[in-house]
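Below you'll find the structure, written out as structure tokens, and then a few comments.
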Amino acid sequence: MDTAIKVLAVAFLVLTGFSGYLLVQSAANYVAVTEATGLIENNVHFQEVQIHWTGVSSDEPRVVVVFNVTNAARVAIVVITLEFNLYMDDHSDPTPLQQKLDSLLVGPAAMSIDRRGAPPLGPGEQRLYPVTVRVTPGTIAFSRFNHTDGGRFFPIVLPPKVVISFPDFETTHLFYLDEMFLDPRGVERIG
Amino acid sequence: MDRAQIRGGAWATVWIACGAVGVAGFSVSSLLPEYSALGAGTLEFSLLVMPLLFGFLVGVMLADYDLSEVAVAAVLMTVVTLGLVGIFFLTPVLAGLPSIVEGLALFTLRRVGIAAILIFPLTLTGSIVGHVFASTFLTSGNLRQEIKRLQQQTLQWHAELERIESREASAREGPKKPEGPKSP
């Protein structure tokens with residue numbers, strides 16, 4: 001065999017080796033990311049809803065919805081979006097919830113972070129993500145917010161939109177949570 | 001089939017397999033750049049240049065074969081490449097993640113189709129160019145001398161054949177008798 005052909009053969013084998021590495025590495029990453037996107041949908045839950053307000057109608061109330069996220073996958077993830085609408089149930093209105101829902105809307109809320117700026121959630125880690133809704137006094141939203149029954153608020157959060165990404169892979173996964181927040185015991189305000 | 005032929009066939013199989021793995025690795029990297037170490041910046045390079053390069057290398061390595069056999073090798077290489085790309089897209093299923101099976105078959109089929117359209121012409125072109133290149137420039141000194149010797153031998157044989165044919169032709173015609181004076 002000619003020397004030039006030998007050199008080309010060695011280059012061919014080296015390139016094949018590198019390409020094989022790319023193939024295996026890409027396959028491993030593809031499986032890990034697919035697994036993570038499948039697992040995350042069952043590992044995002046409502047932790048609690050806090051209502052921070054003095055009770056004075058001129059003060060701005062803050063409703064904090066806290067999400068509990070556990071990363072059960074083998075790769076780190078980042079939660080880049082949590083988006084939902086906050087409703088406040090009015091127990092004085094006997095209309096079924098489905099029919100009166102539009103009139104209960106306090107407002108939308110969202111947490112959105114850039115993929116590179118979001119804190120990564122490593123494999124097996126758990127973190128709480130608070131999302132705050134500010135209600136401006138004197139608005140329709142405030143009047144809808146200010147409904148209590150026995151001194152307790154009854155916030156409702158319909159299934160929120162969740163978007164996750166990965167610190168190491170430039171891909172995102174969007175899904176709607178399979179649960180809503182509706183506590184029949186109500187929530188007491190924190191002064 | 002003698003031992004040399006078997007060895008040649010085995011090496012040809014190895015080169016075709018290497019070419020297929022090579023093209024598959026770079027094709028997958030360009031079809032799903034987010035999972036590859038190469039990243040998104042090398043998409044055109046991976047998808048257009050690498051099949052051409054690997055085709056070229058296979059063509060060079062199969063320089064001892066006919067051009068038609070090299071074309072068949074390019075087809076085989078493309079088929080194996082598409083198989084590897086298809087397996088890659090189905091790895092989540094093979095890894096036991098059934099939750100994403102829905103729509104994956106169509107997704108895989110589309111990607112493999114795109115890969116087929118892009119890879120086959122490039123691989124074929126590369127392999128033919130490689131074969132011609134190797135036949136023209138990369139034959140060894142001994143082989144070149146052997147070809148020259150064979151060419152000279154062939155020319156000698158042609159010359160000898162012409163001499164024999166002309167001798168036989170003259171023998172067939174026979175010696176001509178001289179014509180005597182006509183009697184009155």
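Chains: A, B, ... in order of the structure tokens. Residues: from 1 per chain. Ligands: from 1, in order shown.
Using only C-alpha atoms, the part of chain B that sits within 6 Å of chain A is made up of Cys18, Gly22, Gly25, Glu34, Tyr35, Ser36, Pro92 and Ser140 of chain B.
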Could you write those residues out with C-alpha atoms, as a short mmCIF file (atom, residue, chain, number, x, y, z; two decimals), in the first residue's frame?
```cif
data_model
loop_
_atom_site.label_atom_id
_atom_site.label_comp_id
_atom_site.auth_asym_id
_atom_site.auth_seq_id
_atom_site.Cartn_x
_atom_site.Cartn_y
_atom_site.Cartn_z
CA CYS B 18 -16.31 3.02 8.96
CA GLY B 22 -18.56 8.46 10.23
CA GLY B 25 -22.16 10.58 13.64
CA GLU B 34 -28.48 20.52 20.83
CA TYR B 35 -27.31 17.07 21.98
CA SER B 36 -23.96 17.06 20.23
CA PRO B 92 -35.35 6.58 23.85
CA SER B 140 2.38 3.05 -5.81
#
```
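Those residues in range 64-106 of chain A carrying a DSSP assignment of helix (DSSP H, G or I), computed from the backbone, are Leu97, Gln98, Gln99, Lys100, Leu101, Asp102, Ser103 and Leu104 of chain A.
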So what do you get for CA of Pro61 in chain A versus CA of Met111 in chain A, distance-wise? 18.0 Å
Tell me which of A:His52, A:Asn68, A:Gly138, A:His147 sits closest to Ser92 in chain A, counting only C-alpha atoms. A:His147
Please identify all polymer residues within 9 Å of Gly86 in chain B, counting only C-alpha atoms, omitting same-chain residues fewer than 2 positions from it, and present them as a list in words. Thr81, Leu82, Gly83, Leu84, Phe88, Phe89, Leu90, Thr91, Thr108, Leu109, Arg111 and Val112 of chain B
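A straight line drawn from CA of Ser30 in chain B to CA of Val75 in chain A is 22.0 Å long.
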Range 103-108 of chain A surroundings by only C-alpha atoms, 8 Å radius, close-in-sequence under 6 positions cut, as number ranges by chain: A: 83-90, 133, 135, 140-142, 144-145
Atoms kept (N, CA and C atoms) for selection, written as an mmCIF file, in the first residue's frame:
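Full text of part-v3.cif as output:
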```cif
data_model
loop_
_atom_site.group_PDB
_atom_site.id
_atom_site.type_symbol
_atom_site.label_atom_id
_atom_site.label_comp_id
_atom_site.auth_asym_id
_atom_site.auth_seq_id
_atom_site.Cartn_x
_atom_site.Cartn_y
_atom_site.Cartn_z
ATOM 1 N N GLU A 83 -46.189 29.951 34.700
ATOM 2 C CA GLU A 83 -47.173 30.953 34.297
ATOM 3 C C GLU A 83 -48.583 30.460 34.642
ATOM 4 N N PHE A 84 -49.375 31.342 35.242
ATOM 5 C CA PHE A 84 -50.728 30.916 35.645
ATOM 6 C C PHE A 84 -51.626 32.127 35.824
ATOM 7 N N ASN A 85 -52.910 31.868 35.989
ATOM 8 C CA ASN A 85 -53.889 32.903 36.335
ATOM 9 C C ASN A 85 -54.332 32.661 37.773
ATOM 10 N N LEU A 86 -54.399 33.763 38.540
ATOM 11 C CA LEU A 86 -54.851 33.648 39.933
ATOM 12 C C LEU A 86 -56.321 34.068 40.025
ATOM 13 N N TYR A 87 -57.126 33.238 40.633
ATOM 14 C CA TYR A 87 -58.542 33.530 40.872
ATOM 15 C C TYR A 87 -58.768 33.558 42.386
ATOM 16 N N MET A 88 -59.800 34.268 42.820
ATOM 17 C CA MET A 88 -60.143 34.258 44.243
ATOM 18 C C MET A 88 -61.633 33.921 44.357
ATOM 19 N N ASP A 89 -61.917 32.815 44.991
ATOM 20 C CA ASP A 89 -63.309 32.355 45.077
ATOM 21 C C ASP A 89 -64.122 33.277 46.005
ATOM 22 N N ASP A 90 -65.347 33.504 45.583
ATOM 23 C CA ASP A 90 -66.262 34.331 46.374
ATOM 24 C C ASP A 90 -67.352 33.409 46.918
ATOM 25 N N VAL A 133 -47.924 37.536 42.870
ATOM 26 C CA VAL A 133 -48.947 38.330 42.167
ATOM 27 C C VAL A 133 -49.198 39.572 43.025
ATOM 28 N N VAL A 135 -51.385 42.906 43.738
ATOM 29 C CA VAL A 135 -52.732 43.414 43.445
ATOM 30 C C VAL A 135 -52.783 44.904 43.814
ATOM 31 N N ILE A 140 -60.252 46.712 39.858
ATOM 32 C CA ILE A 140 -61.207 45.589 39.804
ATOM 33 C C ILE A 140 -60.557 44.328 40.379
ATOM 34 N N ALA A 141 -59.281 44.180 40.050
ATOM 35 C CA ALA A 141 -58.541 43.013 40.555
ATOM 36 C C ALA A 141 -58.551 42.995 42.078
ATOM 37 N N PHE A 142 -58.408 44.194 42.679
ATOM 38 C CA PHE A 142 -58.392 44.273 44.147
ATOM 39 C C PHE A 142 -59.754 43.890 44.729
ATOM 40 N N ARG A 144 -61.898 41.937 43.397
ATOM 41 C CA ARG A 144 -62.071 40.481 43.252
ATOM 42 C C ARG A 144 -61.223 39.716 44.274
ATOM 43 N N PHE A 145 -60.068 40.317 44.571
ATOM 44 C CA PHE A 145 -59.167 39.674 45.538
ATOM 45 C C PHE A 145 -59.753 39.693 46.954
#
```
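Candidate residues A:Thr95, A:Thr132, A:Gln126, A:Ser112 were compared for distance to Val65 in chain A, and the nearest is A:Thr132, using only C-alpha atoms.
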With DSSP run on the backbone, what are the strand (DSSP E) residues within range 10-160 of chain A? I'd like them as a VMD selection string. chain A and resid 44 to 52 62 to 70 78 to 88 105 to 112 126 to 134 148 to 149 152 to 153 155 to 157
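Distances here use only C-alpha atoms; by that measure, the residue among A:Asp102, A:Asp114, A:Asp59, A:Asp93 closest to Val163 in chain A is A:Asp114.
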